[in-house]
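Below is input02.txt, holding compact mmCIF, N, CA, C and O atoms.
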# COMPACT_ATOMS: atom_id res chain seq x y z
N MET Z 1 22.02 2.82 67.67
CA MET Z 1 22.04 3.47 66.39
C MET Z 1 22.24 2.45 65.28
O MET Z 1 21.63 2.58 64.22
N ASN Z 2 23.07 1.49 65.53
CA ASN Z 2 23.36 0.46 64.54
C ASN Z 2 22.10 -0.33 64.22
O ASN Z 2 21.86 -0.66 63.06
N ARG Z 3 21.31 -0.66 65.25
CA ARG Z 3 20.07 -1.40 65.01
C ARG Z 3 19.08 -0.57 64.20
O ARG Z 3 18.40 -1.08 63.32
N LEU Z 4 19.00 0.69 64.49
CA LEU Z 4 18.09 1.58 63.79
C LEU Z 4 18.47 1.70 62.32
O LEU Z 4 17.60 1.69 61.44
N LEU Z 5 19.75 1.76 62.05
CA LEU Z 5 20.23 1.84 60.67
C LEU Z 5 19.91 0.55 59.92
O LEU Z 5 19.44 0.58 58.78
N LYS Z 6 20.15 -0.59 60.59
CA LYS Z 6 19.84 -1.88 59.96
C LYS Z 6 18.34 -2.00 59.71
O LYS Z 6 17.91 -2.49 58.65
N LEU Z 7 17.54 -1.58 60.68
CA LEU Z 7 16.09 -1.62 60.53
C LEU Z 7 15.63 -0.74 59.37
O LEU Z 7 14.77 -1.11 58.57
N ALA Z 8 16.21 0.43 59.23
CA ALA Z 8 15.86 1.35 58.14
C ALA Z 8 16.24 0.75 56.79
O ALA Z 8 15.48 0.85 55.81
N ILE Z 9 17.41 0.12 56.70
CA ILE Z 9 17.85 -0.50 55.45
C ILE Z 9 16.92 -1.65 55.09
O ILE Z 9 16.49 -1.79 53.93
N VAL Z 10 16.57 -2.49 56.05
CA VAL Z 10 15.67 -3.62 55.80
C VAL Z 10 14.30 -3.13 55.36
O VAL Z 10 13.70 -3.66 54.40
N MET Z 11 13.81 -2.12 56.03
CA MET Z 11 12.49 -1.57 55.68
C MET Z 11 12.50 -0.97 54.27
O MET Z 11 11.54 -1.10 53.51
N SER Z 12 13.59 -0.31 53.90
CA SER Z 12 13.67 0.27 52.56
C SER Z 12 13.71 -0.83 51.51
O SER Z 12 13.10 -0.71 50.44
N PHE Z 13 14.48 -1.93 51.78
CA PHE Z 13 14.50 -3.04 50.82
C PHE Z 13 13.13 -3.69 50.68
O PHE Z 13 12.69 -4.03 49.58
N ILE Z 14 12.43 -3.84 51.78
CA ILE Z 14 11.08 -4.42 51.75
C ILE Z 14 10.13 -3.53 50.97
O ILE Z 14 9.37 -4.00 50.13
N SER Z 15 10.21 -2.23 51.20
CA SER Z 15 9.31 -1.33 50.49
C SER Z 15 9.65 -1.29 49.00
O SER Z 15 8.76 -1.22 48.15
N ILE Z 16 10.95 -1.36 48.67
CA ILE Z 16 11.35 -1.38 47.26
C ILE Z 16 10.85 -2.66 46.59
O ILE Z 16 10.34 -2.64 45.47
N SER Z 17 10.98 -3.78 47.27
CA SER Z 17 10.53 -5.06 46.68
C SER Z 17 9.01 -5.09 46.53
O SER Z 17 8.48 -5.57 45.53
N LEU Z 18 8.28 -4.55 47.52
CA LEU Z 18 6.83 -4.50 47.41
C LEU Z 18 6.41 -3.56 46.28
O LEU Z 18 5.46 -3.84 45.54
N ASN Z 19 7.11 -2.46 46.15
CA ASN Z 19 6.82 -1.51 45.08
C ASN Z 19 7.09 -2.15 43.72
O ASN Z 19 6.33 -1.96 42.77
N ALA Z 20 8.16 -2.93 43.62
CA ALA Z 20 8.50 -3.60 42.36
C ALA Z 20 7.43 -4.64 42.02
O ALA Z 20 7.01 -4.78 40.86
N GLU Z 21 6.95 -5.38 43.02
CA GLU Z 21 5.90 -6.36 42.78
C GLU Z 21 4.61 -5.68 42.34
O GLU Z 21 3.90 -6.14 41.44
N ASN Z 22 4.31 -4.56 42.97
CA ASN Z 22 3.11 -3.81 42.62
C ASN Z 22 3.21 -3.28 41.19
O ASN Z 22 2.25 -3.32 40.43
N ASN Z 23 4.38 -2.78 40.81
CA ASN Z 23 4.58 -2.30 39.44
C ASN Z 23 4.45 -3.44 38.44
O ASN Z 23 3.89 -3.27 37.35
N ALA Z 24 4.98 -4.60 38.78
CA ALA Z 24 4.88 -5.75 37.88
C ALA Z 24 3.43 -6.16 37.71
O ALA Z 24 2.99 -6.47 36.59
N THR Z 25 2.67 -6.15 38.79
CA THR Z 25 1.25 -6.50 38.71
C THR Z 25 0.50 -5.47 37.88
O THR Z 25 -0.34 -5.81 37.05
N THR Z 26 0.83 -4.20 38.06
CA THR Z 26 0.19 -3.14 37.30
C THR Z 26 0.52 -3.27 35.82
O THR Z 26 -0.34 -3.09 34.96
N GLU Z 27 1.78 -3.60 35.51
CA GLU Z 27 2.17 -3.77 34.12
C GLU Z 27 1.44 -4.93 33.48
O GLU Z 27 0.99 -4.85 32.34
N THR Z 28 1.30 -6.05 34.21
CA THR Z 28 0.57 -7.19 33.64
C THR Z 28 -0.90 -6.85 33.48
O THR Z 28 -1.52 -7.26 32.51
N ASN Z 29 -1.45 -6.06 34.41
CA ASN Z 29 -2.85 -5.64 34.28
C ASN Z 29 -3.04 -4.75 33.06
O ASN Z 29 -4.02 -4.88 32.33
N THR Z 30 -2.09 -3.83 32.84
CA THR Z 30 -2.23 -2.95 31.68
C THR Z 30 -2.04 -3.73 30.39
O THR Z 30 -2.73 -3.45 29.41
N THR Z 31 -1.14 -4.70 30.37
CA THR Z 31 -0.96 -5.49 29.15
C THR Z 31 -2.18 -6.34 28.88
O THR Z 31 -2.61 -6.47 27.73
N THR Z 32 -2.78 -6.91 29.92
CA THR Z 32 -4.00 -7.71 29.70
C THR Z 32 -5.15 -6.80 29.28
O THR Z 32 -5.96 -7.18 28.44
N THR Z 33 -5.20 -5.58 29.83
CA THR Z 33 -6.24 -4.64 29.42
C THR Z 33 -6.05 -4.24 27.97
O THR Z 33 -7.01 -4.17 27.20
N GLU Z 34 -4.80 -3.99 27.57
CA GLU Z 34 -4.52 -3.66 26.18
C GLU Z 34 -4.86 -4.82 25.25
O GLU Z 34 -5.41 -4.63 24.17
N GLN Z 35 -4.53 -6.03 25.69
CA GLN Z 35 -4.85 -7.22 24.88
C GLN Z 35 -6.36 -7.38 24.77
O GLN Z 35 -6.87 -7.69 23.69
N ASN Z 36 -7.08 -7.16 25.86
CA ASN Z 36 -8.53 -7.26 25.82
C ASN Z 36 -9.13 -6.21 24.90
O ASN Z 36 -10.06 -6.49 24.14
N SER Z 37 -8.59 -5.00 24.95
CA SER Z 37 -9.13 -3.95 24.10
C SER Z 37 -8.84 -4.25 22.63
O SER Z 37 -9.69 -3.99 21.77
N THR Z 38 -7.68 -4.82 22.32
CA THR Z 38 -7.40 -5.19 20.92
C THR Z 38 -8.29 -6.33 20.48
O THR Z 38 -8.76 -6.34 19.34
N VAL Z 39 -8.56 -7.26 21.37
CA VAL Z 39 -9.46 -8.37 21.03
C VAL Z 39 -10.87 -7.84 20.78
O VAL Z 39 -11.53 -8.23 19.82
N ILE Z 40 -11.32 -6.91 21.61
CA ILE Z 40 -12.65 -6.33 21.45
C ILE Z 40 -12.72 -5.55 20.14
O ILE Z 40 -13.70 -5.65 19.40
N LYS Z 41 -11.67 -4.79 19.83
CA LYS Z 41 -11.65 -4.05 18.58
C LYS Z 41 -11.68 -4.99 17.38
O LYS Z 41 -12.35 -4.72 16.38
N GLU Z 42 -10.95 -6.11 17.46
CA GLU Z 42 -10.96 -7.09 16.37
C GLU Z 42 -12.35 -7.71 16.21
O GLU Z 42 -12.81 -7.91 15.08
N GLU Z 43 -13.01 -8.00 17.32
CA GLU Z 43 -14.36 -8.57 17.26
C GLU Z 43 -15.34 -7.58 16.63
O GLU Z 43 -16.18 -7.95 15.82
N ILE Z 44 -15.21 -6.31 17.01
CA ILE Z 44 -16.08 -5.29 16.43
C ILE Z 44 -15.80 -5.15 14.94
O ILE Z 44 -16.73 -5.04 14.14
N SER Z 45 -14.53 -5.19 14.57
CA SER Z 45 -14.18 -5.10 13.15
C SER Z 45 -14.76 -6.28 12.37
O SER Z 45 -15.28 -6.11 11.26
N LYS Z 46 -14.67 -7.48 12.94
CA LYS Z 46 -15.23 -8.66 12.27
C LYS Z 46 -16.74 -8.54 12.14
O LYS Z 46 -17.32 -8.91 11.12
N LYS Z 47 -17.39 -8.00 13.17
CA LYS Z 47 -18.84 -7.81 13.13
C LYS Z 47 -19.22 -6.83 12.03
O LYS Z 47 -20.14 -7.09 11.25
N HIS Z 48 -18.51 -5.71 11.96
CA HIS Z 48 -18.80 -4.71 10.92
C HIS Z 48 -18.52 -5.27 9.53
O HIS Z 48 -19.27 -5.00 8.60
N LEU Z 49 -17.46 -6.05 9.42
CA LEU Z 49 -17.14 -6.66 8.14
C LEU Z 49 -18.24 -7.62 7.70
O LEU Z 49 -18.66 -7.62 6.54
N ALA Z 50 -18.76 -8.42 8.64
CA ALA Z 50 -19.85 -9.35 8.32
C ALA Z 50 -21.10 -8.58 7.90
O ALA Z 50 -21.81 -8.98 6.97
N GLU Z 51 -21.38 -7.47 8.58
CA GLU Z 51 -22.54 -6.65 8.20
C GLU Z 51 -22.38 -6.08 6.80
O GLU Z 51 -23.33 -6.07 6.01
N GLN Z 52 -21.19 -5.60 6.48
CA GLN Z 52 -20.96 -5.04 5.15
C GLN Z 52 -21.06 -6.11 4.07
O GLN Z 52 -21.58 -5.85 2.98
N ILE Z 53 -20.58 -7.31 4.36
CA ILE Z 53 -20.70 -8.41 3.40
C ILE Z 53 -22.16 -8.74 3.16
O ILE Z 53 -22.59 -8.97 2.03
N ALA Z 54 -22.96 -8.76 4.23
CA ALA Z 54 -24.39 -9.02 4.09
C ALA Z 54 -25.06 -7.93 3.25
O ALA Z 54 -25.91 -8.22 2.40
N LYS Z 55 -24.67 -6.67 3.47
CA LYS Z 55 -25.24 -5.57 2.67
C LYS Z 55 -24.86 -5.71 1.20
O LYS Z 55 -25.67 -5.44 0.32
N GLU Z 56 -23.62 -6.12 0.94
CA GLU Z 56 -23.18 -6.31 -0.43
C GLU Z 56 -23.95 -7.42 -1.11
O GLU Z 56 -24.33 -7.32 -2.28
N LYS Z 57 -24.21 -8.51 -0.39
CA LYS Z 57 -25.00 -9.61 -0.95
C LYS Z 57 -26.42 -9.14 -1.27
O LYS Z 57 -26.97 -9.48 -2.31
N LYS Z 58 -27.00 -8.38 -0.35
CA LYS Z 58 -28.35 -7.86 -0.57
C LYS Z 58 -28.36 -6.92 -1.77
O LYS Z 58 -29.27 -7.00 -2.61
N PHE Z 59 -27.35 -6.07 -1.89
CA PHE Z 59 -27.27 -5.14 -3.01
C PHE Z 59 -27.14 -5.90 -4.33
O PHE Z 59 -27.78 -5.56 -5.32
N ALA Z 60 -26.30 -6.94 -4.33
CA ALA Z 60 -26.12 -7.73 -5.55
C ALA Z 60 -27.43 -8.41 -5.95
O ALA Z 60 -27.78 -8.44 -7.14
N LYS Z 61 -28.16 -8.92 -4.96
CA LYS Z 61 -29.45 -9.56 -5.25
C LYS Z 61 -30.44 -8.55 -5.81
O LYS Z 61 -31.16 -8.82 -6.77
N GLU Z 62 -30.49 -7.35 -5.20
CA GLU Z 62 -31.40 -6.32 -5.68
C GLU Z 62 -31.04 -5.87 -7.08
O GLU Z 62 -31.91 -5.61 -7.91
N GLN Z 63 -29.77 -5.77 -7.37
CA GLN Z 63 -29.34 -5.34 -8.70
C GLN Z 63 -29.76 -6.37 -9.75
O GLN Z 63 -30.15 -6.01 -10.85
N LYS Z 64 -29.69 -7.64 -9.40
CA LYS Z 64 -30.15 -8.66 -10.34
C LYS Z 64 -31.64 -8.49 -10.61
O LYS Z 64 -32.10 -8.66 -11.73
N PHE Z 65 -32.38 -8.13 -9.57
CA PHE Z 65 -33.81 -7.92 -9.75
C PHE Z 65 -34.07 -6.69 -10.62
O PHE Z 65 -34.87 -6.72 -11.54
N TYR Z 66 -33.39 -5.59 -10.29
CA TYR Z 66 -33.63 -4.35 -11.02
C TYR Z 66 -33.20 -4.45 -12.47
O TYR Z 66 -33.82 -3.86 -13.35
N GLN Z 67 -32.15 -5.17 -12.74
CA GLN Z 67 -31.68 -5.32 -14.11
C GLN Z 67 -32.51 -6.34 -14.86
O GLN Z 67 -32.56 -6.32 -16.08
N GLY Z 68 -33.17 -7.25 -14.17
CA GLY Z 68 -34.06 -8.21 -14.78
C GLY Z 68 -33.36 -9.30 -15.57
O GLY Z 68 -33.96 -9.89 -16.47
N ASP Z 69 -32.11 -9.58 -15.26
CA ASP Z 69 -31.38 -10.59 -16.01
C ASP Z 69 -31.91 -12.00 -15.76
O ASP Z 69 -31.89 -12.84 -16.66
N GLU Z 70 -32.39 -12.26 -14.57
CA GLU Z 70 -32.81 -13.62 -14.23
C GLU Z 70 -34.30 -13.87 -14.49
O GLU Z 70 -34.77 -14.98 -14.27
N TYR Z 71 -35.01 -12.88 -14.94
CA TYR Z 71 -36.45 -13.02 -15.04
C TYR Z 71 -36.89 -13.05 -16.50
O TYR Z 71 -36.41 -12.28 -17.33
N ASN Z 72 -37.85 -13.91 -16.79
CA ASN Z 72 -38.42 -14.00 -18.12
C ASN Z 72 -39.79 -13.33 -18.06
O ASN Z 72 -40.75 -13.90 -17.55
N LEU Z 73 -39.88 -12.14 -18.58
CA LEU Z 73 -41.12 -11.37 -18.53
C LEU Z 73 -41.87 -11.41 -19.85
O LEU Z 73 -42.82 -10.65 -20.04
N SER Z 74 -41.50 -12.29 -20.73
CA SER Z 74 -42.15 -12.34 -22.04
C SER Z 74 -43.60 -12.81 -21.93
O SER Z 74 -44.41 -12.49 -22.81
N THR Z 75 -43.98 -13.50 -20.87
CA THR Z 75 -45.37 -13.93 -20.72
C THR Z 75 -46.28 -12.75 -20.39
O THR Z 75 -47.48 -12.83 -20.59
N HIS Z 76 -45.73 -11.66 -19.89
CA HIS Z 76 -46.51 -10.49 -19.51
C HIS Z 76 -46.52 -9.40 -20.59
O HIS Z 76 -47.05 -8.33 -20.35
N GLU Z 77 -45.92 -9.68 -21.73
CA GLU Z 77 -45.90 -8.70 -22.80
C GLU Z 77 -47.26 -8.62 -23.46
O GLU Z 77 -48.00 -9.60 -23.52
N ILE Z 78 -47.59 -7.44 -23.97
CA ILE Z 78 -48.88 -7.22 -24.62
C ILE Z 78 -48.69 -7.37 -26.13
O ILE Z 78 -47.72 -6.87 -26.71
N ASP Z 79 -49.65 -8.04 -26.72
CA ASP Z 79 -49.61 -8.21 -28.17
C ASP Z 79 -50.01 -6.89 -28.82
O ASP Z 79 -51.08 -6.35 -28.55
N LYS Z 80 -49.18 -6.36 -29.68
CA LYS Z 80 -49.44 -5.05 -30.28
C LYS Z 80 -50.64 -5.10 -31.24
O LYS Z 80 -51.28 -4.08 -31.47
N LYS Z 81 -50.98 -6.24 -31.74
CA LYS Z 81 -52.14 -6.35 -32.62
C LYS Z 81 -53.43 -6.14 -31.84
O LYS Z 81 -54.41 -5.62 -32.36
N SER Z 82 -53.43 -6.53 -30.55
CA SER Z 82 -54.63 -6.36 -29.74
C SER Z 82 -54.85 -4.90 -29.36
O SER Z 82 -55.96 -4.51 -28.99
N LEU Z 83 -53.83 -4.07 -29.41
CA LEU Z 83 -53.96 -2.65 -29.09
C LEU Z 83 -54.76 -1.90 -30.15
O LEU Z 83 -55.34 -0.85 -29.85
N ASP Z 84 -54.80 -2.41 -31.38
CA ASP Z 84 -55.53 -1.73 -32.45
C ASP Z 84 -57.04 -1.73 -32.20
O ASP Z 84 -57.74 -0.84 -32.65
N SER Z 85 -57.55 -2.70 -31.49
CA SER Z 85 -58.99 -2.81 -31.27
C SER Z 85 -59.48 -1.91 -30.13
O SER Z 85 -60.69 -1.80 -29.92
N ILE Z 86 -58.60 -1.27 -29.41
CA ILE Z 86 -59.00 -0.41 -28.28
C ILE Z 86 -59.30 0.98 -28.82
O ILE Z 86 -58.54 1.56 -29.58
N ASN Z 87 -60.45 1.51 -28.40
CA ASN Z 87 -60.85 2.85 -28.82
C ASN Z 87 -60.03 3.91 -28.08
O ASN Z 87 -59.80 3.80 -26.88
N VAL Z 88 -59.66 4.94 -28.80
CA VAL Z 88 -58.90 6.03 -28.21
C VAL Z 88 -59.89 7.04 -27.64
O VAL Z 88 -60.82 7.47 -28.30
N ILE Z 89 -59.69 7.41 -26.41
CA ILE Z 89 -60.55 8.37 -25.75
C ILE Z 89 -59.90 9.74 -25.87
O ILE Z 89 -58.78 9.97 -25.40
N GLU Z 90 -60.61 10.64 -26.50
CA GLU Z 90 -60.10 11.98 -26.70
C GLU Z 90 -60.35 12.80 -25.45
O GLU Z 90 -61.44 12.76 -24.87
N PRO Z 91 -59.40 13.57 -25.00
CA PRO Z 91 -59.61 14.41 -23.81
C PRO Z 91 -60.51 15.59 -24.12
O PRO Z 91 -60.56 16.08 -25.24
N GLU Z 92 -61.22 16.03 -23.11
CA GLU Z 92 -62.09 17.19 -23.26
C GLU Z 92 -61.32 18.43 -22.81
O GLU Z 92 -61.02 18.59 -21.64
N TYR Z 93 -61.00 19.27 -23.78
CA TYR Z 93 -60.22 20.45 -23.46
C TYR Z 93 -61.10 21.66 -23.12
O TYR Z 93 -60.59 22.72 -22.83
N ASP Z 94 -62.39 21.50 -23.15
CA ASP Z 94 -63.26 22.64 -22.89
C ASP Z 94 -63.72 22.69 -21.44
O ASP Z 94 -64.82 23.10 -21.14
N PHE Z 95 -62.86 22.30 -20.57
CA PHE Z 95 -63.19 22.30 -19.15
C PHE Z 95 -63.24 23.74 -18.65
O PHE Z 95 -62.29 24.49 -18.79
N SER Z 96 -64.37 24.10 -18.06
CA SER Z 96 -64.54 25.46 -17.58
C SER Z 96 -65.06 25.43 -16.15
O SER Z 96 -65.93 24.65 -15.81
N MET Z 97 -64.49 26.29 -15.32
CA MET Z 97 -64.90 26.38 -13.92
C MET Z 97 -65.74 27.63 -13.66
O MET Z 97 -65.96 27.98 -12.52
N ASP Z 98 -66.21 28.27 -14.70
CA ASP Z 98 -66.96 29.52 -14.53
C ASP Z 98 -68.26 29.31 -13.77
O ASP Z 98 -68.65 30.16 -12.96
N HIS Z 99 -68.92 28.21 -13.98
CA HIS Z 99 -70.21 28.00 -13.32
C HIS Z 99 -70.04 27.77 -11.82
O HIS Z 99 -70.97 27.93 -11.04
N VAL Z 100 -68.83 27.42 -11.35
CA VAL Z 100 -68.59 27.20 -9.93
C VAL Z 100 -68.57 28.53 -9.18
O VAL Z 100 -69.06 28.62 -8.06
N TYR Z 101 -68.06 29.56 -9.82
CA TYR Z 101 -67.91 30.85 -9.16
C TYR Z 101 -69.12 31.76 -9.31
O TYR Z 101 -69.13 32.87 -8.82
N ASP Z 102 -70.16 31.30 -9.99
CA ASP Z 102 -71.37 32.14 -10.18
C ASP Z 102 -72.25 32.14 -8.96
O ASP Z 102 -72.39 31.38 -8.15

Using the file provided, produce a representation of the structure as structure tokens.
Amino acid sequence: MNRLLKLAIVMSFISISLNAENNATTETNTTTTEQNSTVIKEEISKKHLAEQIAKEKKFAKEQKFYQGDEYNLSTHEIDKKSLDSINVIEPEYDFSMDHVYD
């Protein structure tokens, strides 16, 4: 009986120590998984931030174009004196579709 009791105590200590080692390994695995997930989230955030910065640069460039601050368009202006020589074409308001339906 004494041997059986000693064997049971030794086996329980061994199982407790193995369980503790397993828990420690699991805890380190979960912490590394959490660290990896935070690193991945940070990388995704940096990627999205870079994309938004690129969009902002593109928007700023387009706004400069739309506002025309950097462009000199005076070479494409029409001389108003030359417009006087163009004949005005009067529209024909007597358009009738009656002959189509006859």

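Atom N of Ala50 (chain Z) is positioned 24.1 Å from atom N of Tyr66 (chain Z).
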
Enumerate, as an MDAnalysis selection string, the complete set of residues in chain Z that a backbone-based DSSP assignment places in alpha helix (DSSP H).
chainID Z and resid 2:67 80:83

For the atom pair atom O of Thr33 (chain Z) and CA of Ser45 (chain Z), what is the interatomic distance in Å to one decimal place?
15.8 Å

Computed interatomic separation between CA of Lys55 (chain Z) and atom N of Val39 (chain Z) (Å):
25.1 Å

Is it possible to add all heavy atoms to region 43-53 of chain Z and hand it back as a PDB file, keeping the file's coordinate frame?
ATOM      1  N   GLU Z  43     -13.010  -8.000  17.320  1.00  0.00           N
ATOM      2  CA  GLU Z  43     -14.360  -8.570  17.260  1.00  0.00           C
ATOM      3  C   GLU Z  43     -15.340  -7.580  16.630  1.00  0.00           C
ATOM      4  O   GLU Z  43     -16.180  -7.950  15.820  1.00  0.00           O
ATOM      5  CB  GLU Z  43     -14.833  -8.978  18.650  1.00  0.00           C
ATOM      6  CG  GLU Z  43     -14.121 -10.185  19.213  1.00  0.00           C
ATOM      7  CD  GLU Z  43     -14.522 -10.501  20.645  1.00  0.00           C
ATOM      8  OE1 GLU Z  43     -15.376  -9.770  21.199  1.00  0.00           O
ATOM      9  OE2 GLU Z  43     -13.998 -11.478  21.191  1.00  0.00           O
ATOM     10  N   ILE Z  44     -15.210  -6.310  17.010  1.00  0.00           N
ATOM     11  CA  ILE Z  44     -16.080  -5.290  16.430  1.00  0.00           C
ATOM     12  C   ILE Z  44     -15.800  -5.150  14.940  1.00  0.00           C
ATOM     13  O   ILE Z  44     -16.730  -5.040  14.140  1.00  0.00           O
ATOM     14  CB  ILE Z  44     -15.879  -3.943  17.169  1.00  0.00           C
ATOM     15  CG1 ILE Z  44     -16.438  -4.042  18.595  1.00  0.00           C
ATOM     16  CG2 ILE Z  44     -16.535  -2.799  16.423  1.00  0.00           C
ATOM     17  CD1 ILE Z  44     -16.115  -2.847  19.469  1.00  0.00           C
ATOM     18  N   SER Z  45     -14.530  -5.190  14.570  1.00  0.00           N
ATOM     19  CA  SER Z  45     -14.180  -5.100  13.150  1.00  0.00           C
ATOM     20  C   SER Z  45     -14.760  -6.280  12.370  1.00  0.00           C
ATOM     21  O   SER Z  45     -15.280  -6.110  11.260  1.00  0.00           O
ATOM     22  CB  SER Z  45     -12.662  -5.071  12.980  1.00  0.00           C
ATOM     23  OG  SER Z  45     -12.114  -3.943  13.595  1.00  0.00           O
ATOM     24  N   LYS Z  46     -14.670  -7.480  12.940  1.00  0.00           N
ATOM     25  CA  LYS Z  46     -15.230  -8.660  12.270  1.00  0.00           C
ATOM     26  C   LYS Z  46     -16.740  -8.540  12.140  1.00  0.00           C
ATOM     27  O   LYS Z  46     -17.320  -8.910  11.120  1.00  0.00           O
ATOM     28  CB  LYS Z  46     -14.867  -9.925  13.040  1.00  0.00           C
ATOM     29  CG  LYS Z  46     -13.422 -10.320  12.901  1.00  0.00           C
ATOM     30  CD  LYS Z  46     -13.100 -11.562  13.702  1.00  0.00           C
ATOM     31  CE  LYS Z  46     -11.622 -11.912  13.613  1.00  0.00           C
ATOM     32  NZ  LYS Z  46     -11.293 -13.102  14.408  1.00  0.00           N
ATOM     33  N   LYS Z  47     -17.390  -8.000  13.170  1.00  0.00           N
ATOM     34  CA  LYS Z  47     -18.840  -7.810  13.130  1.00  0.00           C
ATOM     35  C   LYS Z  47     -19.220  -6.830  12.030  1.00  0.00           C
ATOM     36  O   LYS Z  47     -20.140  -7.090  11.250  1.00  0.00           O
ATOM     37  CB  LYS Z  47     -19.326  -7.315  14.485  1.00  0.00           C
ATOM     38  CG  LYS Z  47     -20.811  -7.099  14.567  1.00  0.00           C
ATOM     39  CD  LYS Z  47     -21.210  -6.563  15.927  1.00  0.00           C
ATOM     40  CE  LYS Z  47     -22.673  -6.202  15.964  1.00  0.00           C
ATOM     41  NZ  LYS Z  47     -23.056  -5.574  17.230  1.00  0.00           N
ATOM     42  N   HIS Z  48     -18.510  -5.710  11.960  1.00  0.00           N
ATOM     43  CA  HIS Z  48     -18.800  -4.710  10.920  1.00  0.00           C
ATOM     44  C   HIS Z  48     -18.520  -5.270   9.530  1.00  0.00           C
ATOM     45  O   HIS Z  48     -19.270  -5.000   8.600  1.00  0.00           O
ATOM     46  CB  HIS Z  48     -17.979  -3.437  11.153  1.00  0.00           C
ATOM     47  CG  HIS Z  48     -18.445  -2.620  12.311  1.00  0.00           C
ATOM     48  ND1 HIS Z  48     -19.695  -2.049  12.361  1.00  0.00           N
ATOM     49  CD2 HIS Z  48     -17.849  -2.288  13.473  1.00  0.00           C
ATOM     50  CE1 HIS Z  48     -19.836  -1.396  13.498  1.00  0.00           C
ATOM     51  NE2 HIS Z  48     -18.738  -1.531  14.198  1.00  0.00           N
ATOM     52  N   LEU Z  49     -17.460  -6.050   9.420  1.00  0.00           N
ATOM     53  CA  LEU Z  49     -17.140  -6.660   8.140  1.00  0.00           C
ATOM     54  C   LEU Z  49     -18.240  -7.620   7.700  1.00  0.00           C
ATOM     55  O   LEU Z  49     -18.660  -7.620   6.540  1.00  0.00           O
ATOM     56  CB  LEU Z  49     -15.793  -7.393   8.225  1.00  0.00           C
ATOM     57  CG  LEU Z  49     -15.292  -8.030   6.943  1.00  0.00           C
ATOM     58  CD1 LEU Z  49     -15.029  -6.953   5.903  1.00  0.00           C
ATOM     59  CD2 LEU Z  49     -14.035  -8.821   7.213  1.00  0.00           C
ATOM     60  N   ALA Z  50     -18.760  -8.420   8.640  1.00  0.00           N
ATOM     61  CA  ALA Z  50     -19.850  -9.350   8.320  1.00  0.00           C
ATOM     62  C   ALA Z  50     -21.100  -8.580   7.900  1.00  0.00           C
ATOM     63  O   ALA Z  50     -21.810  -8.980   6.970  1.00  0.00           O
ATOM     64  CB  ALA Z  50     -20.140 -10.247   9.517  1.00  0.00           C
ATOM     65  N   GLU Z  51     -21.380  -7.470   8.580  1.00  0.00           N
ATOM     66  CA  GLU Z  51     -22.540  -6.650   8.200  1.00  0.00           C
ATOM     67  C   GLU Z  51     -22.380  -6.080   6.800  1.00  0.00           C
ATOM     68  O   GLU Z  51     -23.330  -6.070   6.010  1.00  0.00           O
ATOM     69  CB  GLU Z  51     -22.735  -5.511   9.207  1.00  0.00           C
ATOM     70  CG  GLU Z  51     -23.220  -5.952  10.562  1.00  0.00           C
ATOM     71  CD  GLU Z  51     -23.261  -4.816  11.571  1.00  0.00           C
ATOM     72  OE1 GLU Z  51     -22.861  -3.681  11.236  1.00  0.00           O
ATOM     73  OE2 GLU Z  51     -23.698  -5.069  12.706  1.00  0.00           O
ATOM     74  N   GLN Z  52     -21.190  -5.600   6.480  1.00  0.00           N
ATOM     75  CA  GLN Z  52     -20.960  -5.040   5.150  1.00  0.00           C
ATOM     76  C   GLN Z  52     -21.060  -6.110   4.070  1.00  0.00           C
ATOM     77  O   GLN Z  52     -21.580  -5.850   2.980  1.00  0.00           O
ATOM     78  CB  GLN Z  52     -19.583  -4.350   5.090  1.00  0.00           C
ATOM     79  CG  GLN Z  52     -19.514  -3.082   5.888  1.00  0.00           C
ATOM     80  CD  GLN Z  52     -20.520  -2.045   5.429  1.00  0.00           C
ATOM     81  OE1 GLN Z  52     -20.770  -1.881   4.249  1.00  0.00           O
ATOM     82  NE2 GLN Z  52     -21.122  -1.348   6.377  1.00  0.00           N
ATOM     83  N   ILE Z  53     -20.580  -7.310   4.360  1.00  0.00           N
ATOM     84  CA  ILE Z  53     -20.700  -8.410   3.400  1.00  0.00           C
ATOM     85  C   ILE Z  53     -22.160  -8.740   3.160  1.00  0.00           C
ATOM     86  O   ILE Z  53     -22.590  -8.970   2.030  1.00  0.00           O
ATOM     87  CB  ILE Z  53     -19.899  -9.636   3.887  1.00  0.00           C
ATOM     88  CG1 ILE Z  53     -18.404  -9.344   3.791  1.00  0.00           C
ATOM     89  CG2 ILE Z  53     -20.253 -10.880   3.086  1.00  0.00           C
ATOM     90  CD1 ILE Z  53     -17.525 -10.399   4.421  1.00  0.00           C
TER      91      ILE Z  53
END
